[in-house]
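Asks: Sharing a structure, written as structure tokens. Questions coming.
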Amino acid sequence: MSKGESDATAPVNAGEPAAKQENEDVKSAPREEKATPAEFEPPEGGWGWVVMLAAMWCNGSVFGIQNAFGILFVYLLKEFGSEDDEDLRFRTAWVGSLSMGMIFFCSPIVSVFTDLFGCRITAVGGAAVGFVGLVASSMVRSLGALYFTYGIVFACGCSFAYQPSLVILGHYFKRRLGLVNGIVTAGSSVFTITLPYVLTGLLDRVGLYNTLRVLSIFMFILVLAGFTYKPILPKPVSSRKTDGRCSALNRVFNLQIWKSLGYRIWAFGIPAALYGYFVPYVHLMKHVEERFGEGTNKELLLMCIGITSGVGRLIFGQLADYVPGVNKVFLQVASFLVIGVMSMMIPLCNIFGGLIAVCLLMGLFDGCFICIMAPIAFELVGSQNVSQAIGFLLGMMSVPMTVGPPIAGFLRDRLGSYDVAFYLAGIPPIIGGAMLCLIPWVEARRKRKVEETAADAAEKMLEQKSADAQDDAGTREKTDDHESII
């Protein structure tokens with residue numbers, strides 16, 4: 001080989017490593033894509049229908065019992081005090097308020113357990129604790145003991161059983177998630193319709209304590225239902241750089257969800273709306289007795305709320321599937337506005353038929369508010385973060401759900417009427433609903449920023465490639481000139 005030939009081939013040989021590197025990059029690109037798991041597609045049925053029925057029983061047994069506490073409240077007043085006790089309603093209302101509040105207060109902890117141990121173990125363990133709490137409640141003979149057994153133990157068990165029933169649905173459904181959530185949450189409506197009459201019959205025939213033992217059977221069935229929660233959602237793959245102490249901490253406490261301004265508004269707006277939400281469920285029965293007499297069919301009102309709440313969950317759950325993205329929040333805004341106005345209408349109803357109309361509307365939009373909570377959470381934070389997103393939200397809901405009914409009872413004991421309590425109960429839902437109107441605007445602005453950032457990045461990448469191409473062209477020209485000179 002002559003010297004000229006060897007010099008001419010030198011640039012070609014020098015370029016071989018670069019060419020090999022480019023080939024390796026091209027070959028490695030598909031491998032990287034394969035390493036990244038494809039977006040999970042739920043089966044939209046199959047075993048999911050069994051899971052849906054189990055979750056429906058969970059919602060029914062947990063919130064059916066909670067919503068029917070107004071019936072138990074009347075019998076607790078007879079069991080533990082006299083009508084002359086000025087603070088009797090205030091102290092008795094704490095039993096139901098603690099129970100409802102603890103269900104939500106434990107939710108952040110439940111979300112951690114759900115992430116660490118899975119939906120099945122968490123739900124089964126929670127239902128077992130709830131069963132123990134109801135059995136223990138049937139054996140105590142004082143309000144103070146009921147605060148612990150019914151208000152804390154039973155409620156904590158319900159919390160651990162309830163939240164996984166929302167999370168597991170996202171494993172099996174996405175396109176039909178709104179409809180399925182509507183069906184599942186309608187379970188509490190079915191129980192709210194039937195339990196008031198069942199409880200009234202049981203309380204009259206077998207007494208308070210045997211009635212609580214009968215209710216514990218519901219929780220035992222819930223233990224069996226929890227075994228159907230088979231998780232199929234793939235776990236997120238963590239990179240080596242994020243493994244370690246920070247990764248473990250993020251797994252226990254997912255702070256990523258709080259970076260979303262839309263979620264923060266939602267997490268504070270919902271609790272703000274709920275200070276008066278539980279008041280009618282606890283005090284409406286006693287208000288009816290005082291306004292229309294003890295012989296009034298007060299259970300009919302809870303049945304009306306339950307029927308229309310179930311209808312609302314089915315209608316608005318189906319409707320939510322057709323409302324794009326976070327615009328589903330506007331359904332919750334409408335529900336809070338109607339619930340607030342209807343709460344204020346309760347003292348104005350001087351005929352029983354008027355109360356029936358109020359309860360029908362209140363139940364319809366109560367179903368709307370409840371059935372779209374999980375779909376909104378999925379829209380705001382995604383499926384991987386939804387467990388703790390719901391958990392933190394429910395935890396923040398615990399304070400207003402707990403303090404509302406005792407404050408209403410205190411006002412009744414001091415003022416001699418529930419009128420002011422119901423007027424005040426209607427204000428928070430209207431304020432909270434107004435706060436939620438900001439979420440679609442915030443999320444639209446965030447998406448615009450993301451799109452602009454992506455466009456800028458793509459433009460810079462094209463400019464860089466263009467500059468690299470020009471540099472390569474200049475290098476080749478110099479090489480050609482050098483070869484020609486040789």
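Naming works like this for the structure tokens: A, B, ... for the chains as they're shown, residue 1 at the start of each chain, ligands 1 onward in shown order.
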Given only C-alpha atoms, how would the per-residue table for range 86-105 of chain A near range 69-73 of chain A read, listing every residue at most 9 Å away with its closest atom pair and distance in Å to one decimal, sorted by chain and number, as JSON lines?
Replies:
```
{"residue": "A:Arg89", "atom": "CA", "partner": "A:Phe73", "partner_atom": "CA", "distance": 8.7}
{"residue": "A:Thr92", "atom": "CA", "partner": "A:Phe73", "partner_atom": "CA", "distance": 7.1}
{"residue": "A:Ala93", "atom": "CA", "partner": "A:Phe73", "partner_atom": "CA", "distance": 7.2}
{"residue": "A:Val95", "atom": "CA", "partner": "A:Phe73", "partner_atom": "CA", "distance": 8.6}
{"residue": "A:Gly96", "atom": "CA", "partner": "A:Phe69", "partner_atom": "CA", "distance": 6.4}
```
Asks: Taking only C-alpha atoms into account, produce a table as a tab-separated table in which each residue of range 347-388 of chain A with an atom at most 10 Å from an atom of range 273-287 of chain A appears once, together with its shortest atom pair and the distance in Å to one decimal, ordered by chain and rising number.
Replies:
```
residue	atom	partner	partner_atom	distance
A:Pro347	CA	A:His287	CA	8.9
A:Leu355	CA	A:Leu284	CA	9.9
A:Cys359	CA	A:Pro280	CA	9.5
A:Met362	CA	A:Pro280	CA	10.0
A:Asp366	CA	A:Tyr277	CA	9.3
```
Asks: With N, CA, C and O atoms retained, could you export that selection as a PDB file, in the first residue's frame?
Replies:
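Dumped to part_3.pdb:
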```pdb
ATOM      1  N   PRO A 347     -85.128  24.088  57.916  1.00  0.00           N
ATOM      2  CA  PRO A 347     -85.950  24.755  58.940  1.00  0.00           C
ATOM      3  C   PRO A 347     -87.170  25.472  58.370  1.00  0.00           C
ATOM      4  O   PRO A 347     -88.117  25.768  59.116  1.00  0.00           O
ATOM      5  N   LEU A 355     -90.185  18.634  53.454  1.00  0.00           N
ATOM      6  CA  LEU A 355     -88.938  17.966  53.858  1.00  0.00           C
ATOM      7  C   LEU A 355     -88.610  16.807  52.929  1.00  0.00           C
ATOM      8  O   LEU A 355     -87.439  16.556  52.646  1.00  0.00           O
ATOM      9  N   CYS A 359     -85.103  16.449  50.899  1.00  0.00           N
ATOM     10  CA  CYS A 359     -84.250  15.264  51.037  1.00  0.00           C
ATOM     11  C   CYS A 359     -84.018  14.572  49.699  1.00  0.00           C
ATOM     12  O   CYS A 359     -82.941  14.018  49.459  1.00  0.00           O
ATOM     13  N   MET A 362     -81.378  16.717  48.016  1.00  0.00           N
ATOM     14  CA  MET A 362     -80.114  16.590  48.739  1.00  0.00           C
ATOM     15  C   MET A 362     -79.459  15.247  48.446  1.00  0.00           C
ATOM     16  O   MET A 362     -78.238  15.160  48.222  1.00  0.00           O
ATOM     17  N   ASP A 366     -75.918  14.605  46.617  1.00  0.00           N
ATOM     18  CA  ASP A 366     -74.960  13.903  47.474  1.00  0.00           C
ATOM     19  C   ASP A 366     -74.331  12.744  46.709  1.00  0.00           C
ATOM     20  O   ASP A 366     -73.117  12.507  46.789  1.00  0.00           O
TER      21      ASP A 366
END
```
Asks: Need to verify the contact set: Cys371 in chain A, 10 Å, only C-alpha atoms, exclusion of same-chain residues closer than 5 positions in sequence. Can you return it as a list of chain:residue names?
Replies: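 Here the answer would be A:Leu177, A:Gly178, A:Leu179, A:Val180, A:Asn181, A:Gly182, A:Ile183, A:Val184, A:Thr185, A:Ala186, A:Ser309, A:Gly310, A:Gly312, A:Arg313, A:Leu314, A:Ile315, A:Phe316, A:Gly317, A:Gln318, A:Ala320, A:Gln332, A:Phe365, A:Asp366, A:Ile376.
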Asks: For the interface of range 347-455 of chain A with range 156-171 of chain A (cut-off 8 Å, counting only C-alpha atoms), please tabulate each contacting residue of range 347-455 of chain A alongside its nearest pair of atoms and their separation in Å to one decimal, rows sorted by chain and increasing number, as CSV.
Replies:
```
residue,atom,partner,partner_atom,distance
A:Ala374,CA,A:Leu166,CA,6.8
A:Ser383,CA,A:Gly170,CA,7.0
A:Val386,CA,A:Val167,CA,7.2
A:Ser387,CA,A:Val167,CA,5.9
A:Ile390,CA,A:Gln163,CA,7.9
A:Gly391,CA,A:Gln163,CA,7.4
```
Asks: Given the selection you just returned, output its residues as a file containing N, CA and C atoms, formatted as a short mmCIF file (atom, residue, chain, number, x, y, z; two decimals), in the first residue's frame.
Replies:
```cif
data_model
loop_
_atom_site.label_atom_id
_atom_site.label_comp_id
_atom_site.auth_asym_id
_atom_site.auth_seq_id
_atom_site.Cartn_x
_atom_site.Cartn_y
_atom_site.Cartn_z
N ALA A 374 -63.16 9.63 43.20
CA ALA A 374 -62.04 8.84 42.69
C ALA A 374 -61.67 9.23 41.26
N SER A 383 -52.79 7.40 38.09
CA SER A 383 -53.15 6.14 38.75
C SER A 383 -52.12 5.70 39.78
N VAL A 386 -52.76 7.75 43.13
CA VAL A 386 -54.13 8.01 43.55
C VAL A 386 -54.41 7.53 44.97
N SER A 387 -53.72 6.48 45.42
CA SER A 387 -54.00 5.94 46.76
C SER A 387 -53.77 6.99 47.83
N ILE A 390 -56.11 10.19 47.55
CA ILE A 390 -57.41 10.01 48.20
C ILE A 390 -57.25 9.96 49.71
N GLY A 391 -56.16 9.32 50.17
CA GLY A 391 -55.94 9.19 51.61
C GLY A 391 -55.76 10.54 52.29
#
```
Asks: From the list A:Gly306, A:Ile257, A:Leu143, A:Cys349, which residue is nearest Phe292 in chain A when using only C-alpha atoms?
Replies: A:Cys349
